[in-house]
file protein20.txt (compact mmCIF, C-alpha atoms and all ligand atoms)
# COMPACT_ATOMS: atom_id res chain seq x y z
CA MET A 55 0.00 0.00 0.00
CA ALA A 56 1.12 3.58 -0.60
CA LEU A 57 2.33 5.27 2.59
CA LYS A 58 0.62 8.43 3.79
CA ALA A 59 2.61 11.54 4.74
CA LEU A 60 2.43 10.87 8.49
CA ASP A 61 3.53 7.23 8.06
CA ILE A 62 6.50 8.47 6.03
CA TYR A 63 7.28 11.14 8.62
CA LYS A 64 7.54 8.48 11.34
CA LEU A 65 10.30 6.78 9.34
CA LEU A 66 12.36 9.95 8.75
CA PRO A 67 15.36 10.93 10.96
CA LYS A 68 13.56 14.16 12.02
CA LYS A 69 16.76 16.22 12.00
CA ASN A 70 15.12 19.13 10.16
CA CYS A 71 18.56 19.74 8.66
CA LYS A 72 17.20 21.04 5.27
CA GLU A 73 19.78 19.03 3.30
CA CYS A 74 16.98 17.63 1.14
CA GLY A 75 16.06 21.18 0.11
CA GLU A 76 12.90 21.18 2.23
CA PRO A 77 12.49 23.33 5.37
CA THR A 78 11.42 20.42 7.62
CA CYS A 79 11.17 16.64 7.63
CA LEU A 80 7.38 16.99 7.69
CA THR A 81 7.39 19.01 4.46
CA PHE A 82 9.67 16.39 2.93
CA ALA A 83 7.25 13.65 4.04
CA MET A 84 4.29 15.46 2.50
CA LYS A 85 6.10 16.01 -0.78
CA LEU A 86 7.34 12.43 -0.86
CA ALA A 87 3.77 11.17 -0.35
CA SER A 88 2.59 13.20 -3.34
CA GLY A 89 5.54 12.14 -5.54
CA LYS A 90 7.17 15.59 -5.71
CA VAL A 91 10.52 14.47 -4.20
CA LYS A 92 12.38 11.17 -4.09
CA ALA A 93 13.44 9.13 -1.04
CA GLU A 94 17.07 9.45 -2.24
CA ASP A 95 16.92 13.23 -1.65
CA CYS A 96 17.35 12.68 2.11
CA PRO A 97 20.96 11.64 2.74
CA HIS A 98 20.25 10.47 6.30
CA LEU A 99 18.01 7.48 5.57
CA ASP A 100 19.39 4.04 6.26
CA GLU A 101 19.35 1.54 3.42
CA LYS A 102 16.25 -0.37 4.54
CA VAL A 103 14.12 2.74 5.07
CA ARG A 104 15.21 4.18 1.73
CA GLU A 105 14.22 0.96 -0.02
CA LEU A 106 10.87 0.85 1.77
CA LEU A 107 10.09 4.48 1.03
CA GLY A 108 11.28 4.15 -2.56
CA ALA A 109 9.02 1.16 -3.20
CA SER A 110 5.97 2.64 -1.54
CA THR A 111 6.18 6.17 -2.94
CA ARG A 112 7.09 5.62 -6.60
CA PRO A 113 4.10 5.74 -8.98
CA PRO A 114 2.28 2.39 -8.84
CA VAL A 115 1.97 2.38 -12.64
CA GLN A 116 5.39 2.72 -14.18
CA LYS A 117 5.99 5.49 -16.72
CA VAL A 118 6.97 4.34 -20.20
CA LYS A 119 8.12 6.64 -22.98
CA ILE A 120 7.42 5.75 -26.61
CA GLY A 121 9.24 7.42 -29.48
CA VAL A 122 11.76 10.25 -29.45
CA GLY A 123 11.53 13.93 -30.31
CA GLU A 124 8.63 16.30 -30.45
CA ARG A 125 5.86 13.73 -31.00
CA SER A 126 7.11 11.18 -28.43
CA PHE A 127 4.73 10.51 -25.56
CA THR A 128 4.80 9.05 -22.08
CA VAL A 129 2.18 6.74 -20.63
CA GLY A 130 1.67 5.35 -17.12
CA GLY A 131 2.67 7.26 -14.00
CA GLU A 132 -0.91 7.08 -12.78
CA ILE A 133 -1.59 7.12 -9.04
CA VAL A 134 -5.36 6.78 -8.64
CA LEU A 135 -8.15 4.44 -9.64
CA PHE A 136 -10.73 7.16 -10.22
CA ARG A 137 -10.12 10.50 -11.89
CA HIS A 138 -11.99 12.47 -9.20
CA GLU A 139 -9.54 11.24 -6.52
CA LYS A 140 -6.74 13.32 -8.07
CA ALA A 141 -6.30 13.26 -11.86
CA PHE A 142 -5.20 11.01 -14.71
CA PHE A 143 -1.88 12.33 -15.93
CA HIS A 144 -0.75 10.67 -19.17
CA GLU A 145 -3.31 10.34 -21.90
CA PRO A 146 -3.32 7.21 -24.07
CA GLY A 147 -1.48 7.27 -27.37
CA ILE A 148 -3.73 6.36 -30.31
CA MET A 149 -1.70 4.45 -32.91
CA THR A 150 -3.01 4.03 -36.45
CA VAL A 151 -2.34 0.66 -38.07
CA VAL A 152 -0.52 0.11 -41.33
CA SER A 153 0.12 -3.39 -42.59
CA ASP A 154 3.20 -4.77 -44.33
CA LYS A 155 0.81 -6.02 -47.01
CA MET A 156 -0.08 -2.45 -48.00
CA ASP A 157 1.86 -0.81 -50.81
CA ALA A 158 4.26 2.00 -49.87
CA ASP A 159 1.98 4.73 -51.27
CA THR A 160 -0.96 3.65 -49.13
CA ILE A 161 1.25 3.45 -46.04
CA GLN A 162 2.64 6.90 -46.70
CA GLU A 163 -0.77 8.41 -47.24
CA ILE A 164 -1.95 7.09 -43.84
CA VAL A 165 1.23 8.22 -42.11
CA ALA A 166 1.04 11.73 -43.62
CA ASP A 167 -2.55 12.02 -42.43
CA VAL A 168 -1.57 11.12 -38.85
CA ARG A 169 1.40 13.49 -39.06
CA ASP A 170 -0.64 16.44 -40.31
CA HIS A 171 -4.01 16.10 -38.62
CA LEU A 172 -4.37 18.73 -35.93
CA MET A 173 -7.37 19.84 -33.96
CA VAL A 174 -7.16 22.83 -31.60
CA ARG A 175 -9.58 22.90 -28.70
CA ILE A 176 -9.55 25.32 -25.77
CA GLY A 177 -6.09 26.39 -26.78
CA LEU A 178 -4.56 22.90 -26.81
CA ASP A 179 -3.32 20.89 -29.80
CA LEU A 180 -5.03 17.52 -30.12
CA ARG A 181 -3.49 14.86 -32.37
CA MET A 182 -3.41 11.17 -33.09
CA ASN A 183 -0.09 9.90 -31.80
CA GLY A 184 1.67 7.48 -34.08
CA ILE A 185 1.75 4.40 -36.26
CA ALA A 186 1.47 0.69 -35.48
CA VAL A 187 3.24 -1.31 -38.17
CA CYS A 188 1.71 -4.77 -38.36
CA SER A 189 3.41 -7.87 -39.79
CA GLU A 190 0.81 -9.97 -41.58
CA GLY A 191 2.86 -12.23 -43.82
CA GLY A 192 5.67 -13.08 -41.37
CA SER A 193 8.28 -11.82 -43.81
CA PRO A 194 11.23 -9.88 -42.30
CA SER A 195 11.92 -8.04 -45.54
CA ALA A 196 8.27 -6.98 -46.06
CA PHE A 197 8.15 -5.78 -42.46
CA GLY A 198 11.41 -3.87 -42.80
CA LYS A 199 10.14 -2.21 -46.01
CA ALA A 200 6.87 -1.20 -44.35
CA VAL A 201 8.81 0.42 -41.48
CA GLU A 202 11.03 2.18 -44.03
CA ALA A 203 7.93 3.55 -45.78
CA VAL A 204 6.73 4.97 -42.45
CA GLU A 205 10.10 6.47 -41.63
CA ALA A 206 10.35 8.13 -45.04
CA VAL A 207 7.33 10.31 -44.26
CA ALA A 208 7.37 11.20 -40.57
CA ASP A 209 9.15 11.02 -37.23
CA LEU A 210 6.19 9.54 -35.41
CA PRO A 211 6.27 7.13 -32.48
CA GLU A 212 5.77 3.56 -33.64
CA VAL A 213 4.59 0.19 -32.40
CA LEU A 214 6.26 -2.72 -34.19
CA MET A 215 3.74 -5.56 -34.17
CA ALA A 216 5.57 -8.78 -35.04
CA GLU A 217 5.75 -11.81 -32.78
CA ASP A 218 8.57 -13.55 -34.62
CA PRO A 219 11.82 -12.10 -33.21
CA ALA A 220 13.46 -12.31 -36.66
CA VAL A 221 10.68 -10.22 -38.20
CA GLN A 222 10.74 -7.84 -35.24
CA GLU A 223 14.46 -7.28 -35.65
CA ALA A 224 14.01 -6.40 -39.32
CA GLY A 225 11.82 -3.48 -38.20
CA LEU A 226 14.14 -2.52 -35.35
CA ALA A 227 17.07 -2.43 -37.77
CA VAL A 228 15.27 0.48 -39.47
CA CYS A 229 13.84 2.42 -36.51
CA GLY A 230 15.29 0.84 -33.33
CA ASN A 231 17.05 4.09 -32.42
CA PHE A 232 13.71 5.90 -32.22
CA ARG A 233 12.37 3.95 -29.26
CA PRO A 234 9.43 2.13 -30.85
CA LEU A 235 7.27 -0.12 -28.67
CA ILE A 236 8.12 -3.75 -29.41
CA HIS A 237 4.97 -5.89 -29.58
CA ALA A 238 4.78 -8.47 -28.15
CA ALA A 239 6.67 -10.92 -25.94
CA SER A 240 4.94 -14.11 -24.81
CA HIS A 241 6.08 -17.02 -22.63
CA ASP A 242 7.30 -18.79 -25.80
CA GLN A 243 9.77 -16.20 -27.05
CA TYR A 244 10.26 -13.65 -24.25
CA ARG A 245 14.01 -14.28 -24.00
CA GLU A 246 14.60 -13.25 -27.61
CA MET A 247 12.20 -10.30 -27.34
CA CYS A 248 13.83 -9.11 -24.09
CA ALA A 249 17.23 -9.35 -25.77
CA LEU A 250 15.92 -7.09 -28.58
CA ALA A 251 14.40 -4.63 -26.08
CA VAL A 252 17.73 -4.43 -24.24
CA LYS A 253 19.81 -4.22 -27.45
CA TYR A 254 17.76 -1.34 -28.90
CA GLY A 255 16.77 0.31 -25.59
CA CYS A 256 13.06 0.02 -26.42
CA PRO A 257 9.93 -0.55 -24.34
CA LEU A 258 8.35 -3.99 -24.65
CA ALA A 259 4.70 -5.07 -24.74
CA ILE A 260 3.98 -8.48 -23.23
CA ARG A 261 0.99 -10.75 -23.41
CA ALA A 262 -0.24 -13.92 -21.73
CA PRO A 263 -3.53 -15.84 -21.50
CA ASP A 264 -4.49 -14.61 -18.01
CA LEU A 265 -3.41 -12.03 -15.45
CA GLY A 266 -1.52 -14.55 -13.27
CA SER A 267 0.72 -15.65 -16.13
CA LEU A 268 1.01 -12.02 -17.32
CA ALA A 269 2.38 -11.07 -13.87
CA ARG A 270 4.85 -13.99 -14.03
CA LEU A 271 5.93 -12.95 -17.53
CA SER A 272 6.48 -9.35 -16.43
CA GLY A 273 8.75 -10.61 -13.63
CA LEU A 274 10.70 -12.74 -16.11
CA CYS A 275 11.10 -9.85 -18.56
CA ALA A 276 12.16 -7.42 -15.81
CA ALA A 277 14.74 -10.00 -14.66
CA GLY A 278 15.85 -10.26 -18.30
CA GLY A 279 16.62 -6.53 -18.34
CA ALA A 280 13.46 -5.28 -20.09
CA SER A 281 11.96 -3.16 -17.37
CA HIS A 282 9.91 -0.70 -19.47
CA LEU A 283 6.92 -2.91 -20.04
CA VAL A 284 3.40 -2.47 -21.38
CA LEU A 285 0.72 -5.10 -20.68
CA ASP A 286 -1.30 -6.26 -23.70
CA LEU A 287 -4.88 -6.93 -22.56
CA THR A 288 -6.34 -7.30 -26.05
CA SER A 289 -9.26 -9.71 -26.19
CA ALA A 290 -12.03 -10.61 -28.62
CA SER A 291 -14.50 -9.71 -25.87
CA LEU A 292 -14.97 -6.07 -24.96
CA HIS A 293 -16.33 -7.21 -21.62
CA GLU A 294 -13.10 -9.10 -20.98
CA VAL A 295 -10.97 -6.06 -21.94
CA LEU A 296 -12.90 -3.89 -19.49
CA ASN A 297 -12.67 -6.46 -16.69
CA SER A 298 -8.99 -7.16 -17.08
CA ALA A 299 -8.04 -3.46 -17.47
CA THR A 300 -9.94 -2.63 -14.28
CA ALA A 301 -8.37 -5.55 -12.42
CA VAL A 302 -4.85 -4.60 -13.57
CA ARG A 303 -5.32 -1.00 -12.43
CA GLN A 304 -6.68 -2.17 -9.07
CA HIS A 305 -3.71 -4.52 -8.56
CA ALA A 306 -1.32 -1.72 -9.50
CA ILE A 307 -2.81 1.10 -7.44
CA SER A 308 -3.22 -1.06 -4.33
CA ARG A 309 0.35 -2.29 -4.93
CA THR A 310 -0.83 -5.83 -4.24
CA THR A 311 0.77 -7.05 -7.49
CA PRO A 312 3.63 -4.73 -8.47
CA ALA A 313 4.32 -7.01 -11.45
CA LEU A 314 1.10 -5.61 -12.98
CA GLY A 315 2.11 -1.99 -12.32
CA TYR A 316 2.58 -1.10 -16.00
CA PRO A 317 0.61 0.78 -18.68
CA ILE A 318 -2.02 -1.11 -20.68
CA PHE A 319 -2.06 -1.89 -24.42
CA ILE A 320 -5.29 -2.62 -26.29
CA ASP A 321 -5.65 -3.52 -29.97
CA THR A 322 -9.14 -2.18 -30.58
CA ARG A 323 -9.57 -4.18 -33.82
CA ALA A 324 -9.76 -7.52 -32.01
CA THR A 325 -13.22 -7.03 -30.50
CA GLY A 326 -15.07 -6.46 -33.76
CA LEU A 327 -16.35 -3.25 -32.09
CA PRO A 328 -13.34 -1.02 -32.66
CA ASP A 329 -15.05 2.29 -31.84
CA ALA A 330 -16.48 0.93 -28.60
CA ALA A 331 -13.08 -0.56 -27.72
CA LEU A 332 -11.41 2.79 -28.37
CA ILE A 333 -13.89 4.58 -26.12
CA CYS A 334 -13.46 1.87 -23.48
CA GLY A 335 -9.67 2.21 -23.72
CA VAL A 336 -9.77 5.99 -23.32
CA LEU A 337 -12.17 5.81 -20.37
CA LYS A 338 -10.79 2.76 -18.62
CA TYR A 339 -7.07 2.78 -18.23
CA GLY A 340 -5.83 2.15 -21.78
CA SER A 341 -2.39 3.66 -22.46
CA VAL A 342 -1.51 2.50 -25.97
CA LEU A 343 -4.55 2.04 -28.22
CA VAL A 344 -4.09 0.52 -31.65
CA ALA A 345 -6.79 1.25 -34.23
CA ASP A 346 -7.44 1.21 -37.96
CA ALA A 347 -7.41 4.69 -39.53
CA VAL A 348 -10.18 6.59 -37.73
CA PRO A 349 -12.37 8.76 -40.00
CA LYS A 350 -11.91 12.48 -39.35
CA GLU A 351 -15.43 12.95 -37.91
CA SER A 352 -15.04 10.22 -35.27
CA ARG A 353 -11.46 11.29 -34.59
CA LYS A 354 -12.76 14.58 -33.26
CA ALA A 355 -15.03 12.76 -30.79
CA PHE A 356 -12.22 10.49 -29.53
CA LEU A 357 -9.77 13.34 -29.14
CA VAL A 358 -12.26 15.51 -27.24
CA LEU A 359 -13.21 12.58 -24.99
CA ARG A 360 -9.55 11.92 -24.24
CA GLN A 361 -8.87 15.58 -23.53
CA ASN A 362 -11.79 15.73 -21.11
CA ILE A 363 -10.71 12.62 -19.21
CA TYR A 364 -7.07 13.67 -18.98
CA THR A 365 -7.51 17.22 -17.68
CA ASP A 366 -7.14 17.83 -13.96
CA PRO A 367 -10.68 18.04 -12.54
CA GLN A 368 -9.43 20.26 -9.72
CA LYS A 369 -7.66 22.72 -12.01
CA PRO A 370 -9.72 24.50 -14.68
CA ILE A 371 -7.83 25.14 -17.88
CA GLN A 372 -6.90 28.80 -17.76
CA ILE A 373 -5.86 31.47 -20.19
CA THR A 374 -3.42 34.23 -19.28
CA PRO A 375 -5.29 37.41 -18.27
CA GLY A 376 -4.79 40.38 -20.60
CA ILE A 377 -6.13 42.01 -23.76
CA TYR A 378 -6.89 39.78 -26.75
CA ARG A 379 -7.83 41.03 -30.21
CA VAL A 380 -10.43 39.57 -32.53
CA GLY A 381 -9.87 40.78 -36.08
CA ASN A 382 -8.34 44.23 -36.38
CA PRO A 383 -9.99 46.40 -33.71
CA GLY A 384 -9.59 50.18 -33.88
CA PRO A 385 -10.21 52.77 -31.14
CA GLY A 386 -13.99 52.52 -31.58
CA ALA A 387 -14.10 48.72 -31.17
CA PRO A 388 -16.29 47.11 -28.51
CA ILE A 389 -14.54 45.66 -25.44
CA PHE A 390 -15.87 42.46 -23.93
CA LEU A 391 -14.93 41.67 -20.37
CA THR A 392 -14.81 38.00 -19.46
CA VAL A 393 -13.08 35.46 -17.19
CA ASN A 394 -9.94 33.41 -17.77
CA PHE A 395 -11.68 30.00 -17.88
CA SER A 396 -10.42 28.70 -21.22
CA LEU A 397 -13.72 27.29 -22.38
CA THR A 398 -15.43 30.66 -21.79
CA TYR A 399 -12.67 32.51 -23.60
CA PHE A 400 -12.61 30.26 -26.66
CA THR A 401 -16.40 30.13 -26.90
CA LEU A 402 -16.72 33.92 -26.87
CA GLN A 403 -13.77 34.35 -29.22
CA GLY A 404 -15.34 31.95 -31.73
CA TYR A 405 -18.67 33.76 -31.73
CA LEU A 406 -16.99 37.17 -31.96
CA GLU A 407 -15.00 36.00 -34.98
CA ALA A 408 -18.18 34.73 -36.58
CA SER A 409 -19.99 38.02 -35.87
CA GLY A 410 -17.63 39.97 -38.13
CA PHE A 411 -17.17 42.73 -35.50
CA ASP A 412 -13.53 43.56 -34.81
CA SER A 413 -13.39 43.52 -31.02
CA LEU A 414 -11.20 43.52 -27.92
CA MET A 415 -11.49 40.99 -25.14
CA LEU A 416 -10.42 41.95 -21.63
CA ILE A 417 -9.67 38.72 -19.79
CA VAL A 418 -9.52 39.03 -16.02
CA ASP A 419 -8.04 36.57 -13.55
CA THR A 420 -10.78 34.58 -11.82
CA GLU A 421 -8.45 31.61 -11.21
CA GLY A 422 -10.04 29.75 -14.09
CA LEU A 423 -13.60 29.93 -12.76
CA SER A 424 -16.52 30.38 -15.13
CA VAL A 425 -18.50 33.64 -15.04
CA LEU A 426 -21.38 32.33 -12.95
CA THR A 427 -19.10 30.62 -10.40
CA ALA A 428 -16.72 33.58 -10.27
CA VAL A 429 -19.58 36.00 -9.53
CA ALA A 430 -21.02 33.67 -6.85
CA ALA A 431 -17.59 33.12 -5.26
CA GLY A 432 -16.71 36.82 -5.28
CA LYS A 433 -13.75 36.20 -7.63
CA LEU A 434 -15.19 38.53 -10.26
CA SER A 435 -15.61 41.90 -8.58
CA GLU A 436 -15.69 45.58 -9.41
CA THR A 437 -12.21 46.10 -7.94
CA LEU A 438 -10.79 43.32 -10.12
CA VAL A 439 -12.34 45.00 -13.18
CA ARG A 440 -10.98 48.42 -12.14
CA ASP A 441 -7.47 47.03 -11.57
CA SER A 442 -7.52 45.02 -14.82
CA LEU A 443 -8.56 48.05 -16.91
CA LYS A 444 -5.58 49.88 -15.49
CA GLN A 445 -3.11 46.97 -15.57
CA PHE A 446 -3.74 46.22 -19.26
CA GLY A 447 -3.83 49.88 -20.35
CA VAL A 448 -7.36 49.65 -21.75
CA PRO A 449 -8.07 53.45 -21.65
CA ASP A 450 -5.16 53.94 -24.11
CA LEU A 451 -6.53 51.39 -26.57
CA VAL A 452 -9.97 52.85 -27.22
CA SER A 453 -11.61 56.24 -27.66
CA HIS A 454 -14.72 55.40 -25.58
CA LYS A 455 -15.45 54.30 -22.03
CA THR A 456 -17.99 51.52 -22.52
CA LEU A 457 -17.41 48.01 -21.25
CA ILE A 458 -19.54 45.00 -22.20
CA ILE A 459 -19.83 42.50 -19.36
CA PRO A 460 -21.22 38.93 -19.52
CA GLY A 461 -24.95 38.51 -18.94
CA TYR A 462 -24.30 36.38 -15.86
CA ALA A 463 -22.31 39.26 -14.31
CA ALA A 464 -25.30 41.64 -14.55
CA PRO A 465 -25.57 42.00 -10.72
CA LEU A 466 -22.14 43.70 -10.77
CA SER A 467 -22.98 46.29 -13.43
CA GLY A 468 -23.79 49.19 -11.09
CA ARG A 469 -20.80 48.55 -8.86
CA ILE A 470 -18.45 48.33 -11.85
CA GLU A 471 -19.76 51.67 -13.15
CA ASP A 472 -19.23 53.30 -9.73
CA GLU A 473 -15.75 51.83 -9.26
CA THR A 474 -14.39 52.46 -12.75
CA GLY A 475 -16.32 55.45 -14.11
CA TRP A 476 -17.00 53.39 -17.28
CA LYS A 477 -20.42 52.85 -18.75
CA VAL A 478 -21.41 49.17 -18.53
CA LEU A 479 -23.47 47.33 -21.12
CA VAL A 480 -24.76 43.95 -19.99
CA GLY A 481 -24.11 41.47 -22.78
CA PRO A 482 -25.98 38.26 -23.53
CA ARG A 483 -25.80 35.24 -21.21
CA ASP A 484 -25.12 32.98 -24.16
CA ALA A 485 -22.11 33.85 -26.33
CA ALA A 486 -24.06 32.54 -29.32
CA ASP A 487 -26.21 35.70 -29.14
CA VAL A 488 -23.27 38.10 -29.31
CA ALA A 489 -23.67 39.01 -33.00
CA GLU A 490 -27.32 39.95 -32.54
CA PHE A 491 -26.39 41.90 -29.39
CA LEU A 492 -23.71 43.92 -31.24
CA GLU A 493 -26.00 44.70 -34.15
CA LYS A 494 -28.61 46.10 -31.78
CA GLU A 495 -26.47 47.75 -29.11
CA TRP A 496 -23.15 48.76 -30.64
CA THR A 497 -23.16 51.84 -32.84
S1 LIG B 501 17.41 15.83 4.68
FE1 LIG B 501 16.25 14.24 5.74
S2 LIG B 501 16.57 14.72 7.88
FE2 LIG B 501 17.15 16.54 6.78
S3 LIG B 501 15.25 17.79 6.69
FE3 LIG B 501 15.32 16.56 4.86
S4 LIG B 501 14.15 14.78 5.40
FE4 LIG B 501 14.68 15.72 7.31
call {"tool": "encode", "arguments": {"input": "protein20.txt", "output": "structure tokens", "more": "lines below"}}
Ligand code: SF4
result
Amino acid sequence: MALKALDIYKLLPKKNCKECGEPTCLTFAMKLASGKVKAEDCPHLDEKVRELLGASTRPPVQKVKIGVGERSFTVGGEIVLFRHEKAFFHEPGIMTVVSDKMDADTIQEIVADVRDHLMVRIGLDLRMNGIAVCSEGGSPSAFGKAVEAVEAVADLPEVLMAEDPAVQEAGLAVCGNFRPLIHAASHDQYREMCALAVKYGCPLAIRAPDLGSLARLSGLCAAGGASHLVLDLTSASLHEVLNSATAVRQHAISRTTPALGYPIFIDTRATGLPDAALICGVLKYGSVLVADAVPKESRKAFLVLRQNIYTDPQKPIQITPGIYRVGNPGPGAPIFLTVNFSLTYFTLQGYLEASGFDSLMLIVDTEGLSVLTAVAAGKLSETLVRDSLKQFGVPDLVSHKTLIIPGYAAPLSGRIEDETGWKVLVGPRDAADVAEFLEKEWT
């Protein structure tokens, strides 16, 4: 079980010597419990305590990095069973399949699409992650050529899906330096696959018929030097995938079976319900999800779902307070005041763009709260508006003194007028009505 801060504190030397960089042993214990420092940072621990603290405070699901460079991604490192307990930290990588039976042009078209597809939502870039190259004919040279075709187009993270070590090595000979995920070791050939993982410094996916033998296999692979593992829980039954993924996460988080404390791999094609398997993987602990090329329309849904699951529920996504321009606003342009909750900002910005009115947006710091919550919590106040007008030099940007506030901030309108000396117009509650509002109210 993971140790709590007070349990850790009892094991510390309590010298308060600050050599760990923390002011007291208690602070060190609290940070160690939340994974912000390492047991090794305290030089006064005896060997046994250091080992105990190290084992009980490192993330119960090991982190594994796939790929190198800008598009590489890390999975694992999770510390809770349910998102509301803290957060899920490392979103699953979605890997699009190409087969070594496809011709090079088809492969390259798919790879270019994964490389170039970009969706921006609430200020964040959302992308598919990489390519899974699948050996279908068992031919080393066909597999090597397919990997070459991928490499010719993009530096994307890859999964090399070939169970025959000779075929696997033909792919690794092309891209082994770029840290692809090797898929997959089984009890029959794990020695050869571990040797390849060690030789090329790559993570290794493993698979076995049940969780008990999967745990034994992970121990064997770790002993063989391949310690960056990913557990393949692919099954023809979606129900089975869900059950085993939940069981693996429970074993890992409770630390009852550290040999299952690794990220999870799911090949969504195996169930015959690939879309459902992809949703299941995103929602329930999948870390590497292999799928056939996802049509652009569904891609948007998967990416948004993943973004929603892997944002910190206790930390709203915020935008930096300041002045933002929509179009090319002159001194007579309307100024919209709103909060720094990203979703609010991007929603209003989108509707302002669509309205065709060049405008200014004054974004004030409400710690990421939405308008309604910020008003109720007293985070959006007349003094904040007064200070923000001054801080961002708004009087120098326009030739008028009229501020448009959100409809939900209407109760503050009189106080803002008194505090700032600006005329306040109460805007619509729904940003979708902003164009109609401007046509009627802004002359
Ligand atoms: S180095 Fe160790 S003993 Fe010193 S303050 Fe930090 S935790 Fe306490």
call {"tool": "closest_residue", "arguments": {"input": "protein20.txt", "among": "A:Met84, A:Leu457, A:Val151, A:Ala331", "to": "ligand LIG 501 (chain B)", "atoms": "all atoms listed in the file"}}
result
A:Met84
call {"tool": "atom_distance", "arguments": {"input": "protein20.txt", "atom1": "CA of Leu397 in chain A", "atom2": "CA of Leu416 in chain A"}}
result
15.0 Å
call {"tool": "residues_near_ligand", "arguments": {"input": "protein20.txt", "ligand": "ligand LIG 501 (chain B)", "cutoff": "10 Å", "atoms": "all atoms listed in the file", "output": "CSV table (one decimal) with C-alpha atoms, in the frame of the given file"}}
result
chain,number,residue,atom,x,y,z
A,62,ILE,CA,6.5,8.5,6.0
A,63,TYR,CA,7.3,11.1,8.6
A,65,LEU,CA,10.3,6.8,9.3
A,66,LEU,CA,12.4,10.0,8.8
A,67,PRO,CA,15.4,10.9,11.0
A,68,LYS,CA,13.6,14.2,12.0
A,69,LYS,CA,16.8,16.2,12.0
A,70,ASN,CA,15.1,19.1,10.2
A,71,CYS,CA,18.6,19.7,8.7
A,72,LYS,CA,17.2,21.0,5.3
A,73,GLU,CA,19.8,19.0,3.3
A,74,CYS,CA,17.0,17.6,1.1
A,75,GLY,CA,16.1,21.2,0.1
A,76,GLU,CA,12.9,21.2,2.2
A,77,PRO,CA,12.5,23.3,5.4
A,78,THR,CA,11.4,20.4,7.6
A,79,CYS,CA,11.2,16.6,7.6
A,80,LEU,CA,7.4,17.0,7.7
A,81,THR,CA,7.4,19.0,4.5
A,82,PHE,CA,9.7,16.4,2.9
A,83,ALA,CA,7.2,13.6,4.0
A,86,LEU,CA,7.3,12.4,-0.9
A,93,ALA,CA,13.4,9.1,-1.0
A,94,GLU,CA,17.1,9.4,-2.2
A,95,ASP,CA,16.9,13.2,-1.6
A,96,CYS,CA,17.4,12.7,2.1
A,97,PRO,CA,21.0,11.6,2.7
A,98,HIS,CA,20.2,10.5,6.3
A,99,LEU,CA,18.0,7.5,5.6
call {"tool": "residues_around", "arguments": {"input": "protein20.txt", "residues": "Gly279 in chain A", "least_positions_apart": "4", "cutoff": "9 Å", "atoms": "only C-alpha atoms", "output": "PDB file with C-alpha atoms, in the coordinates of the input"}}
result
ATOM      1  CA  CYS A 248      13.830  -9.110 -24.090  1.00  0.00           C
ATOM      2  CA  ALA A 249      17.230  -9.350 -25.770  1.00  0.00           C
ATOM      3  CA  ALA A 251      14.400  -4.630 -26.080  1.00  0.00           C
ATOM      4  CA  VAL A 252      17.730  -4.430 -24.240  1.00  0.00           C
ATOM      5  CA  LEU A 274      10.700 -12.740 -16.110  1.00  0.00           C
ATOM      6  CA  CYS A 275      11.100  -9.850 -18.560  1.00  0.00           C
TER       7      CYS A 275
END
call {"tool": "atom_distance", "arguments": {"input": "protein20.txt", "atom1": "CA of Gln222 in chain A", "atom2": "CA of Arg261 in chain A"}}
result
15.6 Å
call {"tool": "residues_around", "arguments": {"input": "protein20.txt", "residues": "range 364-376 of chain A", "least_positions_apart": "5", "cutoff": "8 Å", "atoms": "all atoms listed in the file", "output": "list in words"}}
result
Arg137, His138, Lys140, Ala141, Phe142, Phe143, His144, Glu145, Asn394, Phe395, Ser396, Leu397, Tyr399, Leu416, Ile417, Val418, Asp419, Glu421, Gly422, Leu423, Ser442 and Phe446 of chain A
call {"tool": "write_last_selection", "arguments": {"input": "protein20.txt", "atoms": "C-alpha atoms", "output": "short mmCIF file (atom, residue, chain, number, x, y, z; two decimals), in the coordinates of the input"}}
result
data_model
loop_
_atom_site.label_atom_id
_atom_site.label_comp_id
_atom_site.auth_asym_id
_atom_site.auth_seq_id
_atom_site.Cartn_x
_atom_site.Cartn_y
_atom_site.Cartn_z
CA ARG A 137 -10.12 10.50 -11.89
CA HIS A 138 -11.99 12.47 -9.20
CA LYS A 140 -6.74 13.32 -8.07
CA ALA A 141 -6.30 13.26 -11.86
CA PHE A 142 -5.20 11.01 -14.71
CA PHE A 143 -1.88 12.33 -15.93
CA HIS A 144 -0.75 10.67 -19.17
CA GLU A 145 -3.31 10.34 -21.90
CA ASN A 394 -9.94 33.41 -17.77
CA PHE A 395 -11.68 30.00 -17.88
CA SER A 396 -10.42 28.70 -21.22
CA LEU A 397 -13.72 27.29 -22.38
CA TYR A 399 -12.67 32.51 -23.60
CA LEU A 416 -10.42 41.95 -21.63
CA ILE A 417 -9.67 38.72 -19.79
CA VAL A 418 -9.52 39.03 -16.02
CA ASP A 419 -8.04 36.57 -13.55
CA GLU A 421 -8.45 31.61 -11.21
CA GLY A 422 -10.04 29.75 -14.09
CA LEU A 423 -13.60 29.93 -12.76
CA SER A 442 -7.52 45.02 -14.82
CA PHE A 446 -3.74 46.22 -19.26
#
call {"tool": "residues_around", "arguments": {"input": "protein20.txt", "residues": "Leu180 in chain A", "least_positions_apart": "3", "cutoff": "8 Å", "atoms": "all atoms listed in the file", "output": "short mmCIF file (atom, residue, chain, number, x, y, z; two decimals) with C-alpha atoms, in the coordinates of the input"}}
result
data_model
loop_
_atom_site.label_atom_id
_atom_site.label_comp_id
_atom_site.auth_asym_id
_atom_site.auth_seq_id
_atom_site.Cartn_x
_atom_site.Cartn_y
_atom_site.Cartn_z
CA LEU A 172 -4.37 18.73 -35.93
CA MET A 173 -7.37 19.84 -33.96
CA VAL A 174 -7.16 22.83 -31.60
CA ARG A 175 -9.58 22.90 -28.70
CA LEU A 357 -9.77 13.34 -29.14
CA GLN A 361 -8.87 15.58 -23.53
#
